[in-house]
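Asker: To start, I am sharing the structure in question, which I have written as structure tokens.
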Amino acid sequence: MSSSAVASPFSAGNRAGLTVNAPASLAAAAGILGGAALLGVIINPRQAALYVLGAALGLVLYHAAFGFTSAWRVFIADRRGEGLRAQMVMLAIASILFFPVLASGTLFGQPVAGNVSPAGIGVVVGAFIFGIGMQLGGGCASGTLYTVGGGSTRMVITLAAFIAGSAIGAAHLHWWVALPSLPAISIVKTWGPWTALAVQLAVFALIAAITVVFEKRRHGRLVAADPSPRQGLARFLRGPWPIVAGAVALALLNFVTLYLAGRPWGVTSAFALWGSKIAAAIGFDVASWPYWSSPANKAALNSSIFNDVTTVMDFGIIFGALLAASLAGRFAPTWKVPLRSAIAAIVGGLLLGYGARLAYGCNIGAYFSGIASGSVHGWVWLVAAFAGNVFGTRLRPAFGLEVERVKLTGC
């Protein structure tokens, strides 16, 4: 088994005879094009463009099997670092694109701002429990959405619990915010964009080098990826993509998000909105929660979810992943979920949602976009979430969940 076989829906044994699922492909394409047309009419063309951008992100995530959860797990359990190295490539490219723009405050005339948040006790606790939730729930924020779109019924359970946990976290956030915390610190503003960029790129290189050392020490070599079953245009349309290609594409698409939305990519604020609206519908006084007292959050709570940038991008991710899965011939949902696995999905989803609210974001908003914005909070999130993933990986067998390892061959 190779490292790609763990995270990829195109692993050996699953590759032969996969044909395009035409009905699902047409449904996904209709959902993307029709949804964009509808948003363009009822909201505005920018919202339609953000929805299509979300679909592009979903397609990239699925075709590159770009999972944060599995990448961290296989490094923790088996010292394979391909996924982590791809994340460093993604962060490096995003930082190169973001830092000069954030220093100037505009991108092609559009005002832009990074994801820079305080870093305190709530962030450390939130990121840590989010890390545990990643391993029990079976995905991160982006991973949950793209695997739901790809047809994973277990991840539907995780997503439902994720939404519930996000609403609970929103209700409790004011208590956590009151705990000791560092202010929001941007190294772009503190050090200047070029010094900050040089330091950040050096740290990315160091992390990548460490994964190489650990992987070679464990396996004697870097574990090779499985060969692709497709080449050329067929591979581009139907996958699988090299994980590094996914890293590059995600960095570029996040930069497009910065331009269109005026801020970087995020995922989980929409879950808090959906969960809170559901809570309000069943009788909770959501409007009294301090989380919804700011003008922006209050406006979001009182308006259609389709006015929310993160919501439309999240829906786009699901439809983009559906398109990718159906083109790959992999869309075939099954409703059989073992009881222990379902319990893990519920527990993991609740931890994911609650942790993301405490930590001002998830693996996308806090880790990817936070670090790409030069936020100290993003680095604090990374350390605490990785520690949570170590703990969560050790918990997985108790719920009947696999911890993938490559058999040593001596070569």
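Labels for the structure tokens follow display order: chains A, B, ..., residues from 1 in each chain, ligands from 1.
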Leaving out Ala94 in chain A and any residue of its chain fewer than 6 positions from it, which residues lie within 8 Å of it when counting only C-alpha atoms, given as a PyMOL selection string?
Answerer: chain A and resi 251-252+254-255+372
Asker: With only C-alpha atoms as the counted atoms, please give the residues lying no more than 10 Å from Ile243 in chain A, apart from itself and same-chain residues fewer than 5 positions off, as a PDB file with all heavy atoms, in the first residue's frame.
Answerer:
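Saved result, result-v7.pdb, follows:
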ATOM      1  N   SER A   4      -0.617   7.309  -1.080  1.00  0.00           N
ATOM      2  CA  SER A   4      -1.794   7.812  -1.788  1.00  0.00           C
ATOM      3  C   SER A   4      -2.966   6.872  -1.682  1.00  0.00           C
ATOM      4  O   SER A   4      -4.116   7.277  -1.776  1.00  0.00           O
ATOM      5  CB  SER A   4      -1.458   8.063  -3.261  1.00  0.00           C
ATOM      6  OG  SER A   4      -1.131   6.852  -3.888  1.00  0.00           O
ATOM      7  N   SER A   8      -6.792   8.434  -1.028  1.00  0.00           N
ATOM      8  CA  SER A   8      -7.379   8.652  -2.339  1.00  0.00           C
ATOM      9  C   SER A   8      -8.535   7.722  -2.636  1.00  0.00           C
ATOM     10  O   SER A   8      -8.491   6.537  -2.336  1.00  0.00           O
ATOM     11  CB  SER A   8      -6.309   8.464  -3.420  1.00  0.00           C
ATOM     12  OG  SER A   8      -6.891   8.536  -4.698  1.00  0.00           O
ATOM     13  N   VAL A  60     -11.348  20.148  -7.010  1.00  0.00           N
ATOM     14  CA  VAL A  60      -9.913  19.987  -6.725  1.00  0.00           C
ATOM     15  C   VAL A  60      -9.701  19.106  -5.504  1.00  0.00           C
ATOM     16  O   VAL A  60      -8.865  18.191  -5.509  1.00  0.00           O
ATOM     17  CB  VAL A  60      -9.256  21.365  -6.520  1.00  0.00           C
ATOM     18  CG1 VAL A  60      -7.830  21.203  -5.989  1.00  0.00           C
ATOM     19  CG2 VAL A  60      -9.238  22.156  -7.825  1.00  0.00           C
ATOM     20  N   LEU A  61     -10.440  19.376  -4.447  1.00  0.00           N
ATOM     21  CA  LEU A  61     -10.293  18.587  -3.217  1.00  0.00           C
ATOM     22  C   LEU A  61     -10.531  17.105  -3.485  1.00  0.00           C
ATOM     23  O   LEU A  61      -9.794  16.241  -2.995  1.00  0.00           O
ATOM     24  CB  LEU A  61     -11.267  19.092  -2.154  1.00  0.00           C
ATOM     25  CG  LEU A  61     -10.941  20.430  -1.492  1.00  0.00           C
ATOM     26  CD1 LEU A  61     -12.160  20.985  -0.772  1.00  0.00           C
ATOM     27  CD2 LEU A  61      -9.766  20.278  -0.527  1.00  0.00           C
ATOM     28  N   HIS A  63     -10.571  15.398  -6.590  1.00  0.00           N
ATOM     29  CA  HIS A  63      -9.668  14.791  -7.572  1.00  0.00           C
ATOM     30  C   HIS A  63      -8.241  14.637  -7.035  1.00  0.00           C
ATOM     31  O   HIS A  63      -7.537  13.702  -7.416  1.00  0.00           O
ATOM     32  CB  HIS A  63      -9.658  15.610  -8.859  1.00  0.00           C
ATOM     33  CG  HIS A  63     -10.720  15.221  -9.843  1.00  0.00           C
ATOM     34  ND1 HIS A  63     -11.421  14.034  -9.763  1.00  0.00           N
ATOM     35  CD2 HIS A  63     -11.204  15.864 -10.955  1.00  0.00           C
ATOM     36  CE1 HIS A  63     -12.280  13.953 -10.767  1.00  0.00           C
ATOM     37  NE2 HIS A  63     -12.175  15.051 -11.507  1.00  0.00           N
ATOM     38  N   ALA A  64      -7.818  15.560  -6.166  1.00  0.00           N
ATOM     39  CA  ALA A  64      -6.475  15.446  -5.581  1.00  0.00           C
ATOM     40  C   ALA A  64      -6.498  14.669  -4.272  1.00  0.00           C
ATOM     41  O   ALA A  64      -5.442  14.425  -3.688  1.00  0.00           O
ATOM     42  CB  ALA A  64      -5.879  16.832  -5.348  1.00  0.00           C
ATOM     43  N   ALA A  65      -7.707  14.240  -3.834  1.00  0.00           N
ATOM     44  CA  ALA A  65      -7.859  13.570  -2.532  1.00  0.00           C
ATOM     45  C   ALA A  65      -7.102  14.343  -1.465  1.00  0.00           C
ATOM     46  O   ALA A  65      -6.356  13.786  -0.669  1.00  0.00           O
ATOM     47  CB  ALA A  65      -7.372  12.126  -2.606  1.00  0.00           C
ATOM     48  N   PHE A  66      -7.329  15.689  -1.463  1.00  0.00           N
ATOM     49  CA  PHE A  66      -6.551  16.558  -0.584  1.00  0.00           C
ATOM     50  C   PHE A  66      -7.194  16.584   0.794  1.00  0.00           C
ATOM     51  O   PHE A  66      -8.019  17.435   1.111  1.00  0.00           O
ATOM     52  CB  PHE A  66      -6.456  17.972  -1.162  1.00  0.00           C
ATOM     53  CG  PHE A  66      -5.269  18.735  -0.650  1.00  0.00           C
ATOM     54  CD1 PHE A  66      -4.089  18.774  -1.371  1.00  0.00           C
ATOM     55  CD2 PHE A  66      -5.324  19.393   0.572  1.00  0.00           C
ATOM     56  CE1 PHE A  66      -2.992  19.462  -0.897  1.00  0.00           C
ATOM     57  CE2 PHE A  66      -4.236  20.084   1.055  1.00  0.00           C
ATOM     58  CZ  PHE A  66      -3.062  20.130   0.317  1.00  0.00           C
ATOM     59  N   GLY A  67      -6.792  15.622   1.619  1.00  0.00           N
ATOM     60  CA  GLY A  67      -7.326  15.534   2.961  1.00  0.00           C
ATOM     61  C   GLY A  67      -6.318  15.975   3.996  1.00  0.00           C
ATOM     62  O   GLY A  67      -5.170  15.526   3.994  1.00  0.00           O
ATOM     63  N   GLU A  82       3.952  12.738   2.719  1.00  0.00           N
ATOM     64  CA  GLU A  82       3.600  13.313   1.425  1.00  0.00           C
ATOM     65  C   GLU A  82       2.512  14.375   1.558  1.00  0.00           C
ATOM     66  O   GLU A  82       2.594  15.463   0.966  1.00  0.00           O
ATOM     67  CB  GLU A  82       3.131  12.217   0.466  1.00  0.00           C
ATOM     68  CG  GLU A  82       2.727  12.732  -0.915  1.00  0.00           C
ATOM     69  CD  GLU A  82       2.097  11.669  -1.795  1.00  0.00           C
ATOM     70  OE1 GLU A  82       1.452  10.746  -1.241  1.00  0.00           O
ATOM     71  OE2 GLU A  82       2.237  11.761  -3.026  1.00  0.00           O
ATOM     72  N   GLY A  83       1.470  14.070   2.328  1.00  0.00           N
ATOM     73  CA  GLY A  83       0.375  15.009   2.488  1.00  0.00           C
ATOM     74  C   GLY A  83       0.794  16.276   3.205  1.00  0.00           C
ATOM     75  O   GLY A  83       0.387  17.381   2.826  1.00  0.00           O
ATOM     76  N   ARG A  85       3.809  17.539   3.267  1.00  0.00           N
ATOM     77  CA  ARG A  85       4.668  18.318   2.361  1.00  0.00           C
ATOM     78  C   ARG A  85       3.819  19.077   1.334  1.00  0.00           C
ATOM     79  O   ARG A  85       4.127  20.222   0.990  1.00  0.00           O
ATOM     80  CB  ARG A  85       5.682  17.404   1.675  1.00  0.00           C
ATOM     81  CG  ARG A  85       6.746  16.860   2.622  1.00  0.00           C
ATOM     82  CD  ARG A  85       7.869  16.161   1.895  1.00  0.00           C
ATOM     83  NE  ARG A  85       7.466  14.904   1.280  1.00  0.00           N
ATOM     84  CZ  ARG A  85       7.445  13.729   1.917  1.00  0.00           C
ATOM     85  NH1 ARG A  85       7.764  13.657   3.195  1.00  0.00           N
ATOM     86  NH2 ARG A  85       7.098  12.623   1.271  1.00  0.00           N
ATOM     87  N   ALA A  86       2.754  18.445   0.862  1.00  0.00           N
ATOM     88  CA  ALA A  86       1.857  19.136  -0.063  1.00  0.00           C
ATOM     89  C   ALA A  86       1.214  20.341   0.613  1.00  0.00           C
ATOM     90  O   ALA A  86       1.038  21.400  -0.010  1.00  0.00           O
ATOM     91  CB  ALA A  86       0.789  18.175  -0.579  1.00  0.00           C
ATOM     92  N   GLN A  87       0.862  20.201   1.886  1.00  0.00           N
ATOM     93  CA  GLN A  87       0.297  21.333   2.612  1.00  0.00           C
ATOM     94  C   GLN A  87       1.300  22.474   2.720  1.00  0.00           C
ATOM     95  O   GLN A  87       0.936  23.655   2.621  1.00  0.00           O
ATOM     96  CB  GLN A  87      -0.165  20.889   4.000  1.00  0.00           C
ATOM     97  CG  GLN A  87      -1.386  19.999   3.987  1.00  0.00           C
ATOM     98  CD  GLN A  87      -1.745  19.474   5.361  1.00  0.00           C
ATOM     99  OE1 GLN A  87      -1.463  20.120   6.373  1.00  0.00           O
ATOM    100  NE2 GLN A  87      -2.361  18.290   5.415  1.00  0.00           N
ATOM    101  N   ALA A 225       3.907   7.037  -4.526  1.00  0.00           N
ATOM    102  CA  ALA A 225       2.468   7.017  -4.798  1.00  0.00           C
ATOM    103  C   ALA A 225       2.143   5.952  -5.838  1.00  0.00           C
ATOM    104  O   ALA A 225       2.990   5.571  -6.654  1.00  0.00           O
ATOM    105  CB  ALA A 225       2.012   8.385  -5.311  1.00  0.00           C
ATOM    106  N   VAL A 248      -1.282  23.342  -5.324  1.00  0.00           N
ATOM    107  CA  VAL A 248      -1.127  24.556  -6.135  1.00  0.00           C
ATOM    108  C   VAL A 248      -2.491  25.149  -6.474  1.00  0.00           C
ATOM    109  O   VAL A 248      -2.719  26.361  -6.343  1.00  0.00           O
ATOM    110  CB  VAL A 248      -0.322  24.254  -7.418  1.00  0.00           C
ATOM    111  CG1 VAL A 248      -0.297  25.473  -8.329  1.00  0.00           C
ATOM    112  CG2 VAL A 248       1.093  23.811  -7.073  1.00  0.00           C
ATOM    113  N   ALA A 249      -3.416  24.303  -6.898  1.00  0.00           N
ATOM    114  CA  ALA A 249      -4.746  24.778  -7.281  1.00  0.00           C
ATOM    115  C   ALA A 249      -5.480  25.396  -6.097  1.00  0.00           C
ATOM    116  O   ALA A 249      -6.133  26.442  -6.239  1.00  0.00           O
ATOM    117  CB  ALA A 249      -5.561  23.623  -7.865  1.00  0.00           C
TER     118      ALA A 249
END
Asker: Can you list, as a ChimeraX atom specification, every protein, DNA or RNA residue that comes within 10 Å of range 29-40 of chain A when you count only C-alpha atoms, leaving out same-chain residues fewer than 6 positions away?
Answerer: /A:23,46-52,54-56,306-307,312,315-320,322-323
Asker: Using only C-alpha atoms, which of A:Gly151, A:Gly388, A:Pro180, A:Gly81 sits nearest Leu351 in chain A?
Answerer: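 Among the listed residues, A:Gly388 lies closest to Leu351 in chain A.
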Asker: Enter the distance from CA of Arg79 in chain A to CA of Val148 in chain A, in Å, rounded to one decimal.
Answerer: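 So the answer is 27.8 Å.
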Asker: What is the CA of Ile43 in chain A to CA of Thr311 in chain A distance in Å?
Answerer: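 If I compute the distance from CA of Ile43 in chain A to CA of Thr311 in chain A, I get 13.0 Å.
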Asker: Find, counting only C-alpha atoms, the residue in A:Ala342, A:Ala261, A:Leu206, A:Leu358 that gets nearest to Ser166 in chain A.
Answerer: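 Closest to Ser166 in chain A, using only C-alpha atoms: A:Leu358.
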Asker: Pick out the residues sitting within 7 Å of Leu159 in chain A, and hand them over as a PyMOL selection string; count only C-alpha atoms, and ignore anything fewer than 3 positions along from it in its own chain.
Answerer: chain A and resi 144+155-156+162-163+349
